[in-house]
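**Student:** Below you will find the structure I want to go over with you.
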Amino acid sequence: MKQLMSGARRRTALIGGAVVVLVAAGLGTWATDTWPFDKDTYCWGAWKEDSGPDFLSGEALEEDNASRTSKETAPTPGRQRGRCTVTIHSERVSGGGEKVVEET
């Protein structure tokens with residue numbers, strides 16, 4: 001009977017230790033903005049969500065069913081300039097009941 005109790009305690013300690021390790025790993029990835037908590041990046045990683053210009057903040061998406069997208073065109077040997085655009089798309093219904101779409 002003593003051996004069964006010590007086996008159950010050992011199993012409980014192992015499960016508890018595994019839970020602690022998983023929680024610590026989750027908190028670490030959240031604190032460092034790494035997967036699966038990483039923030040969106042734009043323009044080849046030069047801009048990150050919630051940093052830099054106002055349009056990258058979460059507040060820019062709070063109203064009017066807004067979403068943010070980006071389009072990147074990499075430089076080539078023939079065309080030495082790349083291009084990156086970040087667009088905020090929002091839709092709302094006006095006071096007259098008409099659908100209003102805005103692209104910024």
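Residues in the structure tokens are named by chain (A, B, ... in the order shown) and by number from 1 within that chain; ligands are numbered from 1 in the order shown.
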Which residues come within 10 Å of Cys43 (chain A), counting only C-alpha atoms, excluding same-chain residues fewer than 2 positions away, as a PDB file with N, CA and C atoms, in the first residue's frame?

**Tutor:**
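So the final result, stored in around_22.pdb, reads:
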```
ATOM      1  N   THR A  41       3.350  42.264 -38.396  1.00  0.00           N
ATOM      2  CA  THR A  41       4.398  43.154 -38.877  1.00  0.00           C
ATOM      3  C   THR A  41       4.074  43.571 -40.305  1.00  0.00           C
ATOM      4  N   GLY A  45       8.765  43.695 -41.959  1.00  0.00           N
ATOM      5  CA  GLY A  45       9.100  43.653 -40.543  1.00  0.00           C
ATOM      6  C   GLY A  45       9.588  44.967 -39.972  1.00  0.00           C
ATOM      7  N   ALA A  46       9.630  46.041 -40.788  1.00  0.00           N
ATOM      8  CA  ALA A  46      10.108  47.339 -40.303  1.00  0.00           C
ATOM      9  C   ALA A  46       9.121  47.966 -39.319  1.00  0.00           C
ATOM     10  N   TRP A  47       7.824  47.708 -39.523  1.00  0.00           N
ATOM     11  CA  TRP A  47       6.796  48.235 -38.624  1.00  0.00           C
ATOM     12  C   TRP A  47       6.091  47.076 -37.960  1.00  0.00           C
ATOM     13  N   LYS A  48       5.781  47.256 -36.693  1.00  0.00           N
ATOM     14  CA  LYS A  48       5.091  46.233 -35.923  1.00  0.00           C
ATOM     15  C   LYS A  48       3.803  46.827 -35.358  1.00  0.00           C
ATOM     16  N   SER A  70      -1.749  44.951 -45.702  1.00  0.00           N
ATOM     17  CA  SER A  70      -0.549  45.538 -46.296  1.00  0.00           C
ATOM     18  C   SER A  70      -0.227  44.835 -47.605  1.00  0.00           C
ATOM     19  N   LYS A  71       0.441  45.576 -48.461  1.00  0.00           N
ATOM     20  CA  LYS A  71       0.900  45.030 -49.736  1.00  0.00           C
ATOM     21  C   LYS A  71       2.355  45.440 -49.898  1.00  0.00           C
ATOM     22  N   GLU A  72       3.216  44.473 -50.150  1.00  0.00           N
ATOM     23  CA  GLU A  72       4.643  44.719 -50.277  1.00  0.00           C
ATOM     24  C   GLU A  72       5.123  44.289 -51.656  1.00  0.00           C
ATOM     25  N   THR A  73       5.939  45.115 -52.268  1.00  0.00           N
ATOM     26  CA  THR A  73       6.579  44.784 -53.528  1.00  0.00           C
ATOM     27  C   THR A  73       8.082  44.890 -53.294  1.00  0.00           C
ATOM     28  N   ALA A  74       8.772  43.794 -53.422  1.00  0.00           N
ATOM     29  CA  ALA A  74      10.208  43.770 -53.130  1.00  0.00           C
ATOM     30  C   ALA A  74      11.005  44.399 -54.266  1.00  0.00           C
ATOM     31  N   GLY A  82      11.654  49.168 -53.467  1.00  0.00           N
ATOM     32  CA  GLY A  82      10.514  48.363 -53.062  1.00  0.00           C
ATOM     33  C   GLY A  82       9.359  49.290 -52.711  1.00  0.00           C
ATOM     34  N   ARG A  83       8.192  48.715 -52.525  1.00  0.00           N
ATOM     35  CA  ARG A  83       7.040  49.529 -52.167  1.00  0.00           C
ATOM     36  C   ARG A  83       6.227  48.779 -51.119  1.00  0.00           C
ATOM     37  N   CYS A  84       5.773  49.520 -50.132  1.00  0.00           N
ATOM     38  CA  CYS A  84       4.938  48.932 -49.092  1.00  0.00           C
ATOM     39  C   CYS A  84       3.799  49.892 -48.790  1.00  0.00           C
ATOM     40  N   THR A  85       2.586  49.379 -48.812  1.00  0.00           N
ATOM     41  CA  THR A  85       1.428  50.187 -48.439  1.00  0.00           C
ATOM     42  C   THR A  85       0.659  49.460 -47.352  1.00  0.00           C
ATOM     43  N   VAL A  86       0.222  50.222 -46.367  1.00  0.00           N
ATOM     44  CA  VAL A  86      -0.619  49.693 -45.295  1.00  0.00           C
ATOM     45  C   VAL A  86      -1.951  50.419 -45.409  1.00  0.00           C
TER      46      VAL A  86
END
```

**Student:** Could you please determine the separation between CA of Ser57 (chain A) and CA of Gly26 (chain A) in Å, to one decimal place?

**Tutor:**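 Going from CA of Ser57 (chain A) over to CA of Gly26 (chain A), I get 23.9 Å.
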
**Student:** If we count only C-alpha atoms, what is near region 59-66 of chain A at a cut-off of 12 Å, once residues fewer than 3 positions away on the same chain are taken out, given as JSON, numbers by chain?

**Tutor:** {"A": [49, 50, 51, 53, 54, 55, 56, 69, 87, 88, 89, 90, 91, 92, 93, 94, 99, 100, 101, 102, 103, 104]}

**Student:** Would you return as a PyMOL selection string the members of chain A that DSSP assigns to helix (DSSP H, G or I) on this structure's backbone?

**Tutor:** chain A and resi 2-31+54-56+58-61
